[in-house]
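Okay, coords23.tsv now, which holds TSV, C-alpha atoms:
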```tsv
chain	number	residue	atom	x	y	z
V	1	ALA	CA	0.00	0.00	0.00
V	2	GLN	CA	1.05	3.54	-0.63
V	3	SER	CA	1.93	5.99	2.12
V	4	VAL	CA	1.64	9.75	1.83
V	5	THR	CA	3.48	12.24	4.00
V	6	GLN	CA	2.46	15.83	4.48
V	7	LEU	CA	5.24	17.27	6.55
V	8	ASP	CA	3.46	20.41	7.72
V	9	SER	CA	0.31	19.98	9.77
V	10	GLN	CA	-0.30	23.73	9.95
V	11	VAL	CA	0.84	26.55	7.68
V	12	PRO	CA	0.02	30.17	8.56
V	13	VAL	CA	0.64	32.71	5.81
V	14	PHE	CA	-0.21	36.35	5.25
V	15	GLU	CA	-2.74	37.33	2.63
V	16	GLU	CA	-1.20	37.88	-0.84
V	17	ALA	CA	1.96	35.97	0.13
V	18	PRO	CA	2.99	32.81	-1.74
V	19	VAL	CA	2.55	29.39	-0.19
V	20	GLU	CA	3.85	25.87	-0.74
V	21	LEU	CA	2.29	22.80	0.86
V	22	ARG	CA	4.54	19.77	0.75
V	23	CYS	CA	3.61	16.20	-0.11
V	24	ASN	CA	5.79	13.11	-0.49
V	25	TYR	CA	4.66	9.61	-1.34
V	26	SER	CA	6.21	6.17	-1.22
V	27	SER	CA	7.72	4.98	-4.43
V	28	SER	CA	5.79	2.88	-6.92
V	29	VAL	CA	5.97	1.99	-10.58
V	30	SER	CA	3.13	4.30	-11.46
V	31	VAL	CA	0.85	6.44	-9.37
V	32	TYR	CA	-1.77	9.08	-9.82
V	33	LEU	CA	-1.56	12.08	-7.54
V	34	PHE	CA	-4.31	14.32	-6.22
V	35	TRP	CA	-4.80	17.38	-4.06
V	36	TYR	CA	-8.16	17.79	-2.36
V	37	VAL	CA	-9.34	20.79	-0.34
V	38	GLN	CA	-11.75	20.78	2.57
V	39	TYR	CA	-13.33	24.10	3.47
V	40	PRO	CA	-14.73	24.45	7.01
V	41	ASN	CA	-17.72	22.18	7.61
V	42	GLN	CA	-17.70	20.83	4.07
V	43	GLY	CA	-16.68	17.68	2.26
V	44	LEU	CA	-13.56	17.34	0.15
V	45	GLN	CA	-13.37	18.66	-3.37
V	46	LEU	CA	-10.71	18.12	-6.01
V	47	LEU	CA	-8.16	20.89	-6.53
V	48	LEU	CA	-6.05	19.18	-9.17
V	49	LYS	CA	-4.63	15.84	-10.22
V	50	TYR	CA	-1.62	14.47	-12.03
V	51	LEU	CA	-2.17	11.50	-14.31
V	52	SER	CA	0.58	11.75	-16.93
V	53	GLY	CA	2.30	14.19	-19.25
V	54	SER	CA	3.47	17.63	-18.11
V	55	THR	CA	4.76	17.55	-14.57
V	56	LEU	CA	3.27	20.95	-13.79
V	57	VAL	CA	-0.44	20.67	-13.17
V	58	LYS	CA	-2.78	23.62	-12.85
V	59	GLY	CA	-5.93	23.41	-10.77
V	60	ILE	CA	-8.80	25.54	-9.61
V	61	ASN	CA	-8.50	28.78	-7.65
V	62	GLY	CA	-4.99	29.54	-8.94
V	63	PHE	CA	-3.30	26.50	-7.40
V	64	GLU	CA	-0.70	24.42	-9.17
V	65	ALA	CA	1.42	21.42	-8.27
V	66	GLU	CA	4.59	19.89	-9.63
V	67	PHE	CA	5.19	16.17	-9.90
V	68	ASN	CA	8.80	15.20	-9.21
V	69	LYS	CA	9.34	11.50	-9.78
V	70	SER	CA	12.95	11.39	-8.57
V	71	GLN	CA	12.02	13.01	-5.27
V	72	THR	CA	8.60	11.29	-5.08
V	73	SER	CA	7.02	14.64	-4.33
V	74	PHE	CA	3.91	16.52	-5.41
V	75	HIS	CA	4.06	19.92	-3.74
V	76	LEU	CA	1.15	22.35	-4.03
V	77	ARG	CA	1.79	26.05	-4.64
V	78	LYS	CA	-0.05	29.31	-5.02
V	79	PRO	CA	1.74	32.58	-5.79
V	80	SER	CA	-0.67	34.82	-3.85
V	81	VAL	CA	-3.17	33.49	-1.33
V	82	HIS	CA	-6.54	34.93	-0.36
V	83	ILE	CA	-8.49	34.76	2.88
V	84	SER	CA	-10.87	32.36	1.15
V	85	ASP	CA	-8.02	29.83	0.74
V	86	THR	CA	-8.14	29.09	4.46
V	87	ALA	CA	-8.92	25.38	4.54
V	88	GLU	CA	-7.42	21.95	5.07
V	89	TYR	CA	-5.55	20.45	2.14
V	90	PHE	CA	-5.05	16.75	1.56
V	91	CYS	CA	-2.60	15.08	-0.75
V	92	ALA	CA	-3.69	11.65	-2.01
V	93	VAL	CA	-2.25	8.88	-4.15
V	94	SER	CA	-3.78	6.03	-6.09
V	95	GLU	CA	-2.00	3.18	-7.77
V	96	GLY	CA	-2.21	3.08	-11.55
V	97	ARG	CA	-4.05	-0.19	-11.84
V	98	THR	CA	-7.32	-0.91	-13.59
V	99	GLY	CA	-10.21	-0.89	-11.19
V	100	ALA	CA	-8.06	0.14	-8.25
V	101	ASN	CA	-9.78	3.36	-7.28
V	102	ASN	CA	-8.62	3.37	-3.68
V	103	LEU	CA	-7.06	6.60	-2.52
V	104	PHE	CA	-4.36	6.84	0.13
V	105	PHE	CA	-4.48	10.16	1.94
V	106	GLY	CA	-1.92	12.19	3.82
V	107	THR	CA	-2.72	13.56	7.25
V	108	GLY	CA	-3.60	16.99	5.90
V	109	THR	CA	-2.20	20.52	6.12
V	110	ARG	CA	-4.29	23.26	7.65
V	111	LEU	CA	-3.65	26.50	5.76
V	112	THR	CA	-4.57	29.66	7.63
V	113	VAL	CA	-4.44	32.93	5.71
V	114	ILE	CA	-3.88	35.94	7.95
V	115	PRO	CA	-5.27	39.33	6.87
L	1	GLU	CA	-27.17	18.63	-9.63
L	2	ALA	CA	-24.56	15.86	-9.37
L	3	GLN	CA	-23.97	15.10	-5.74
L	4	VAL	CA	-23.31	12.65	-2.95
L	5	THR	CA	-25.67	12.95	-0.01
L	6	GLN	CA	-25.27	11.60	3.50
L	7	ASN	CA	-27.76	11.33	6.32
L	8	PRO	CA	-27.77	12.21	9.09
L	9	ARG	CA	-25.25	15.04	9.10
L	10	TYR	CA	-24.90	14.98	12.87
L	11	LEU	CA	-25.57	12.11	15.25
L	12	ILE	CA	-25.13	11.57	18.97
L	13	THR	CA	-25.71	8.05	20.24
L	14	VAL	CA	-24.80	5.73	23.09
L	15	THR	CA	-22.52	2.73	23.19
L	16	GLY	CA	-24.10	-0.38	21.71
L	17	LYS	CA	-27.07	1.20	19.96
L	18	LYS	CA	-27.06	0.12	16.32
L	19	LEU	CA	-27.04	2.90	13.75
L	20	THR	CA	-26.93	3.35	10.01
L	21	VAL	CA	-25.50	6.25	8.04
L	22	THR	CA	-26.92	6.45	4.56
L	23	CYS	CA	-25.03	7.50	1.42
L	24	SER	CA	-26.55	8.08	-1.97
L	25	GLN	CA	-25.12	9.34	-5.29
L	26	ASN	CA	-26.92	10.40	-8.45
L	27	MET	CA	-24.00	10.12	-10.89
L	28	ASN	CA	-24.35	6.43	-11.78
L	29	HIS	CA	-20.93	5.75	-10.30
L	30	GLU	CA	-19.78	2.17	-9.89
L	31	TYR	CA	-17.27	2.84	-7.13
L	32	MET	CA	-18.28	3.99	-3.64
L	33	SER	CA	-16.27	4.25	-0.47
L	34	TRP	CA	-16.47	5.19	3.20
L	35	TYR	CA	-13.76	7.09	5.04
L	36	ARG	CA	-13.34	8.30	8.57
L	37	GLN	CA	-11.43	11.47	9.35
L	38	ASP	CA	-9.68	11.91	12.68
L	39	PRO	CA	-7.39	14.76	13.79
L	40	GLY	CA	-3.77	14.09	12.88
L	41	LEU	CA	-4.66	10.91	10.97
L	42	GLY	CA	-6.22	12.28	7.81
L	43	LEU	CA	-8.77	10.14	5.99
L	44	ARG	CA	-8.69	6.40	6.36
L	45	GLN	CA	-10.74	4.06	4.24
L	46	ILE	CA	-13.26	1.84	6.02
L	47	TYR	CA	-14.92	-0.11	3.20
L	48	TYR	CA	-15.35	0.26	-0.51
L	49	SER	CA	-17.49	-1.17	-3.26
L	50	MET	CA	-16.64	-1.64	-6.92
L	51	ASN	CA	-20.24	-2.35	-7.93
L	52	VAL	CA	-23.54	-3.79	-6.73
L	53	GLU	CA	-23.01	-6.71	-4.35
L	54	VAL	CA	-19.22	-6.23	-4.50
L	55	THR	CA	-17.69	-4.84	-1.30
L	56	ASP	CA	-14.28	-5.09	0.31
L	57	LYS	CA	-12.44	-3.97	3.43
L	58	GLY	CA	-10.34	-0.85	3.54
L	59	ASP	CA	-7.71	-0.01	6.12
L	60	VAL	CA	-9.94	0.27	9.22
L	61	PRO	CA	-12.99	-2.01	8.78
L	62	GLU	CA	-13.32	-3.29	12.35
L	63	GLY	CA	-16.70	-2.47	13.89
L	64	TYR	CA	-18.35	-1.51	10.60
L	65	LYS	CA	-20.50	-3.20	8.01
L	66	VAL	CA	-21.66	-2.10	4.57
L	67	SER	CA	-24.01	-3.30	1.88
L	68	ARG	CA	-24.48	-2.44	-1.80
L	69	LYS	CA	-27.84	-3.66	-2.95
L	70	GLU	CA	-28.41	-0.78	-5.35
L	71	LYS	CA	-25.89	1.13	-7.41
L	72	ARG	CA	-26.77	4.51	-5.95
L	73	ASN	CA	-26.76	3.59	-2.23
L	74	PHE	CA	-23.97	2.49	0.08
L	75	PRO	CA	-25.03	2.55	3.75
L	76	LEU	CA	-22.55	2.29	6.60
L	77	ILE	CA	-23.73	0.22	9.55
L	78	LEU	CA	-22.38	0.30	13.08
L	79	GLU	CA	-23.89	-2.75	14.79
L	80	SER	CA	-22.58	-1.89	18.27
L	81	PRO	CA	-20.97	1.55	18.29
L	82	SER	CA	-18.17	2.30	20.71
L	83	PRO	CA	-16.63	5.63	21.77
L	84	ASN	CA	-13.57	5.02	19.56
L	85	GLN	CA	-15.88	5.29	16.56
L	86	THR	CA	-16.54	8.92	17.36
L	87	SER	CA	-15.36	10.57	14.17
L	88	LEU	CA	-16.24	12.47	11.00
L	89	TYR	CA	-17.37	10.12	8.26
L	90	PHE	CA	-17.30	10.75	4.52
L	91	CYS	CA	-18.84	8.82	1.69
L	92	ALA	CA	-17.33	9.15	-1.79
L	93	SER	CA	-18.09	7.86	-5.27
L	94	SER	CA	-16.41	7.73	-8.65
L	95	LEU	CA	-16.41	6.00	-11.99
L	96	ILE	CA	-14.34	2.85	-12.33
L	97	GLY	CA	-11.18	3.28	-14.32
L	98	ARG	CA	-7.44	2.98	-14.00
L	99	SER	CA	-7.70	4.69	-10.61
L	100	GLN	CA	-7.43	8.11	-12.22
L	101	GLU	CA	-11.04	9.00	-11.66
L	102	THR	CA	-11.93	11.90	-9.39
L	103	GLN	CA	-13.75	10.91	-6.24
L	104	TYR	CA	-16.76	13.02	-5.25
L	105	PHE	CA	-17.34	13.40	-1.54
L	106	GLY	CA	-20.45	13.84	0.51
L	107	PRO	CA	-20.73	16.64	3.11
L	108	GLY	CA	-19.78	14.38	6.01
L	109	THR	CA	-21.50	12.89	9.05
L	110	ARG	CA	-20.24	13.87	12.46
L	111	LEU	CA	-20.79	11.04	14.94
L	112	LEU	CA	-20.41	11.16	18.71
L	113	VAL	CA	-20.67	7.88	20.64
L	114	LEU	CA	-21.12	8.34	24.38
```
Turn the structure described in the file into C-alpha cells.
Amino acid sequence: AQSVTQLDSQVPVFEEAPVELRCNYSSSVSVYLFWYVQYPNQGLQLLLKYLSGSTLVKGINGFEAEFNKSQTSFHLRKPSVHISDTAEYFCAVSEGRTGANNLFFGTGTRLTVIP
Amino acid sequence: EAQVTQNPRYLITVTGKKLTVTCSQNMNHEYMSWYRQDPGLGLRQIYYSMNVEVTDKGDVPEGYKVSRKEKRNFPLILESPSPNQTSLYFCASSLIGRSQETQYFGPGTRLLVL
C-alpha cells in the first residue's frame, strides 16, 4: 500500500503571500496524484490531479502542483493566497491499476491565511 | 445537480445502539467508499465497493458493516458503536477506471458515541 506524507500539519501565511504545501509519497511503478481541499464544515473537493504528461499541473482557484518523480514529491503552490483559501488540504495517491480506485491520503495541512 | 448525499449530518448516540448512516449518489458511479477522518490521521478508508453486491475492506474495517444492494446507495452500519468510533465520516463515489477518476465526496456525518 502507498503511504503519503504531508510534513506540515499547519501553515500560517499572510494574505497575498505565496505558499507551498509539501507532499511526499512512497515509491511505486506508477501512481496518480491528487490534491483535495476541505473548506470548514464541508466535504472534500478536487483541486487538481496528475495522471501523466506535463509535470506541472494547474488546478482551480490559482493553485498548481509539480510532480517530481525522482524526489517522489507533489508539492502544491499558489503565488498569492486569499483569505478564502483558508482550509485543510489533503494530498492523495492512487495506484495506476485498472479498477483500483482506492485513494491513500496524507494527514492533511491546515492552511490559515492571515489578513 | 450531481452530488453525494449523506444522512444524518450529525448524530449523537450511546454505546451499543445500532445505527446506520446512509449514502446516496446520483452520478451512476460504480465505485463507492467510506472514510473516517480523525485529527492528525487524515482520511482512512473503512470499506469500498466496486459495484452492486461487491464490497471489500479498507484499512480500518473493524466495527463496521456495509451493503451495496443498489448502485446509488452504500449505507454504513455500526452494529454496536463504541466511543472510539466517534469521528467524521465521509462517503465518496467515482467512476471505475485505472484509478485516475476523481472521487466526489459527501458533506460528512459527524458522529459522537457516548
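As for atom CA of Val54 of chain L and atom CA of Tyr35 of chain L, they are spaced 17.3 Å apart.
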Given a cut-off of 10 Å, which residues of chain L touch chain V, counting all atoms listed in the file, written out as a CSV table (one decimal) with C-alpha atoms, keeping the file's coordinate frame?
```
chain,number,residue,atom,x,y,z
L,4,VAL,CA,-23.3,12.6,-3.0
L,31,TYR,CA,-17.3,2.8,-7.1
L,32,MET,CA,-18.3,4.0,-3.6
L,33,SER,CA,-16.3,4.2,-0.5
L,37,GLN,CA,-11.4,11.5,9.4
L,38,ASP,CA,-9.7,11.9,12.7
L,39,PRO,CA,-7.4,14.8,13.8
L,40,GLY,CA,-3.8,14.1,12.9
L,41,LEU,CA,-4.7,10.9,11.0
L,42,GLY,CA,-6.2,12.3,7.8
L,43,LEU,CA,-8.8,10.1,6.0
L,44,ARG,CA,-8.7,6.4,6.4
L,45,GLN,CA,-10.7,4.1,4.2
L,47,TYR,CA,-14.9,-0.1,3.2
L,48,TYR,CA,-15.4,0.3,-0.5
L,49,SER,CA,-17.5,-1.2,-3.3
L,50,MET,CA,-16.6,-1.6,-6.9
L,58,GLY,CA,-10.3,-0.8,3.5
L,59,ASP,CA,-7.7,0.0,6.1
L,89,TYR,CA,-17.4,10.1,8.3
L,90,PHE,CA,-17.3,10.8,4.5
L,91,CYS,CA,-18.8,8.8,1.7
L,92,ALA,CA,-17.3,9.2,-1.8
L,93,SER,CA,-18.1,7.9,-5.3
L,94,SER,CA,-16.4,7.7,-8.6
L,95,LEU,CA,-16.4,6.0,-12.0
L,96,ILE,CA,-14.3,2.8,-12.3
L,97,GLY,CA,-11.2,3.3,-14.3
L,98,ARG,CA,-7.4,3.0,-14.0
L,99,SER,CA,-7.7,4.7,-10.6
L,100,GLN,CA,-7.4,8.1,-12.2
L,101,GLU,CA,-11.0,9.0,-11.7
L,102,THR,CA,-11.9,11.9,-9.4
L,103,GLN,CA,-13.8,10.9,-6.2
L,104,TYR,CA,-16.8,13.0,-5.2
L,105,PHE,CA,-17.3,13.4,-1.5
L,106,GLY,CA,-20.4,13.8,0.5
L,107,PRO,CA,-20.7,16.6,3.1
L,108,GLY,CA,-19.8,14.4,6.0
L,109,THR,CA,-21.5,12.9,9.0
L,110,ARG,CA,-20.2,13.9,12.5
```
Exercise. Do you know which residues are at most 8 Å from Tyr39 of chain V counting only C-alpha atoms, after dropping those on the same chain fewer than 5 positions away, and could you put them as a ChimeraX atom specification?
Worked result: /V:44,86-88
Problem set entry | Contacts of Glu66 of chain V at 6 Å (all atoms listed in the file; same-chain gap of 5+ positions) as a list of chain:residue names |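 That gives V:Thr55, V:Leu56, V:Phe74, V:His75.
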Problem set entry | Separation of atom CA of Thr5 of chain V from atom CA of Lys69 of chain V in Å |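 About the pair atom CA of Lys69 of chain V and atom CA of Thr5 of chain V: they are 15.0 Å apart.
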If you take every atom of segment 47-65 of chain L that the file lists and fit an axis-aligned box around them with 5 Å extra on each side, what centre and edge lengths come out in Å to one decimal, as AutoDock Vina command-line options?
```
--center_x -15.6 --center_y -3.2 --center_z 3.0 --size_x 25.8 --size_y 17.0 --size_z 31.8
```
For this session: Work out how far apart atom CA of Arg36 of chain L and atom CA of Ser24 of chain L are and give it in Å to one decimal.
Result: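 Distance between the two atoms: 16.9 Å.
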Exercise. For Asn84 of chain L, which residue among L:Arg72, L:Leu112, L:Gln25, L:Asn51 is the nearest when counting only C-alpha atoms?
Worked result: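 Smallest distance to Asn84 of chain L is found for L:Leu112.
Comparing V:Asn61, V:Ser3, V:Ser26, V:Asn68 by their smallest distance to Ser80 of chain V, the closest is V:Asn61 (using all atoms listed in the file).
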For this session: Check the smallest atom-to-atom distance from each of L:Pro8, L:Leu114, L:Thr55, L:Thr22 to Ser82 of chain L using only C-alpha atoms, then report the winner.
Result: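 Between L:Pro8, L:Leu114, L:Thr55, L:Thr22, the residue approaching Ser82 of chain L most closely is L:Leu114.
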Is there a way to complete segment 4-30 of chain L with N, CA, C and O atoms and then write that out as a CSV table (one decimal), keeping the file's coordinate frame?
```csv
chain,number,residue,atom,x,y,z
L,4,VAL,N,-23.3,13.8,-3.9
L,4,VAL,CA,-23.3,12.6,-3.0
L,4,VAL,C,-24.0,13.2,-1.7
L,4,VAL,O,-23.5,14.2,-1.1
L,5,THR,N,-25.0,12.5,-1.2
L,5,THR,CA,-25.7,13.0,0.0
L,5,THR,C,-25.5,11.9,1.1
L,5,THR,O,-25.4,10.7,0.9
L,6,GLN,N,-25.4,12.4,2.3
L,6,GLN,CA,-25.3,11.6,3.5
L,6,GLN,C,-26.3,12.0,4.5
L,6,GLN,O,-26.6,13.2,4.7
L,7,ASN,N,-26.8,11.0,5.2
L,7,ASN,CA,-27.8,11.3,6.3
L,7,ASN,C,-27.6,10.3,7.4
L,7,ASN,O,-27.4,9.1,7.2
L,8,PRO,N,-27.6,10.8,8.7
L,8,PRO,CA,-27.8,12.2,9.1
L,8,PRO,C,-26.4,13.0,9.0
L,8,PRO,O,-25.4,12.4,8.7
L,9,ARG,N,-26.5,14.3,9.1
L,9,ARG,CA,-25.2,15.0,9.1
L,9,ARG,C,-24.6,15.0,10.5
L,9,ARG,O,-23.4,15.1,10.6
L,10,TYR,N,-25.4,15.0,11.5
L,10,TYR,CA,-24.9,15.0,12.9
L,10,TYR,C,-25.7,13.9,13.7
L,10,TYR,O,-26.9,13.8,13.5
L,11,LEU,N,-24.9,13.2,14.5
L,11,LEU,CA,-25.6,12.1,15.2
L,11,LEU,C,-24.9,11.9,16.6
L,11,LEU,O,-23.6,11.8,16.6
L,12,ILE,N,-25.6,11.9,17.7
L,12,ILE,CA,-25.1,11.6,19.0
L,12,ILE,C,-25.9,10.3,19.4
L,12,ILE,O,-27.1,10.3,19.4
L,13,THR,N,-25.1,9.3,19.8
L,13,THR,CA,-25.7,8.0,20.2
L,13,THR,C,-25.0,7.5,21.5
L,13,THR,O,-24.0,8.1,22.0
L,14,VAL,N,-25.4,6.4,21.9
L,14,VAL,CA,-24.8,5.7,23.1
L,14,VAL,C,-24.2,4.4,22.7
L,14,VAL,O,-24.5,3.8,21.7
L,15,THR,N,-23.2,4.0,23.5
L,15,THR,CA,-22.5,2.7,23.2
L,15,THR,C,-23.5,1.6,23.0
L,15,THR,O,-24.4,1.4,23.8
L,16,GLY,N,-23.3,0.8,21.9
L,16,GLY,CA,-24.1,-0.4,21.7
L,16,GLY,C,-25.4,-0.2,20.9
L,16,GLY,O,-26.0,-1.2,20.6
L,17,LYS,N,-25.8,1.0,20.7
L,17,LYS,CA,-27.1,1.2,20.0
L,17,LYS,C,-26.8,1.3,18.5
L,17,LYS,O,-26.3,2.2,17.9
L,18,LYS,N,-27.3,0.3,17.8
L,18,LYS,CA,-27.1,0.1,16.3
L,18,LYS,C,-27.5,1.4,15.6
L,18,LYS,O,-28.5,2.0,15.9
L,19,LEU,N,-26.7,1.8,14.6
L,19,LEU,CA,-27.0,2.9,13.8
L,19,LEU,C,-26.6,2.7,12.3
L,19,LEU,O,-25.7,1.9,12.0
L,20,THR,N,-27.3,3.4,11.4
L,20,THR,CA,-26.9,3.4,10.0
L,20,THR,C,-26.8,4.8,9.5
L,20,THR,O,-27.6,5.6,9.7
L,21,VAL,N,-25.7,5.0,8.7
L,21,VAL,CA,-25.5,6.2,8.0
L,21,VAL,C,-25.7,6.0,6.6
L,21,VAL,O,-25.1,5.1,6.0
L,22,THR,N,-26.6,6.7,6.0
L,22,THR,CA,-26.9,6.4,4.6
L,22,THR,C,-26.0,7.3,3.6
L,22,THR,O,-25.6,8.4,4.0
L,23,CYS,N,-25.8,6.8,2.5
L,23,CYS,CA,-25.0,7.5,1.4
L,23,CYS,C,-25.7,7.2,0.1
L,23,CYS,O,-26.0,6.0,-0.2
L,24,SER,N,-25.9,8.3,-0.7
L,24,SER,CA,-26.6,8.1,-2.0
L,24,SER,C,-25.9,9.0,-3.0
L,24,SER,O,-25.6,10.1,-2.7
L,25,GLN,N,-25.7,8.5,-4.2
L,25,GLN,CA,-25.1,9.3,-5.3
L,25,GLN,C,-26.0,9.2,-6.5
L,25,GLN,O,-26.6,8.2,-6.8
L,26,ASN,N,-26.0,10.3,-7.3
L,26,ASN,CA,-26.9,10.4,-8.4
L,26,ASN,C,-26.1,10.5,-9.7
L,26,ASN,O,-26.6,11.0,-10.8
L,27,MET,N,-24.9,10.0,-9.7
L,27,MET,CA,-24.0,10.1,-10.9
L,27,MET,C,-23.8,8.8,-11.6
L,27,MET,O,-22.9,8.7,-12.5
L,28,ASN,N,-24.5,7.8,-11.2
L,28,ASN,CA,-24.4,6.4,-11.8
L,28,ASN,C,-22.9,5.9,-11.6
L,28,ASN,O,-22.4,5.2,-12.5
L,29,HIS,N,-22.3,6.2,-10.5
L,29,HIS,CA,-20.9,5.8,-10.3
L,29,HIS,C,-20.9,4.3,-9.8
L,29,HIS,O,-21.7,3.9,-9.0
L,30,GLU,N,-19.9,3.5,-10.3
L,30,GLU,CA,-19.8,2.2,-9.9
L,30,GLU,C,-19.1,2.1,-8.5
L,30,GLU,O,-19.4,1.3,-7.7
```
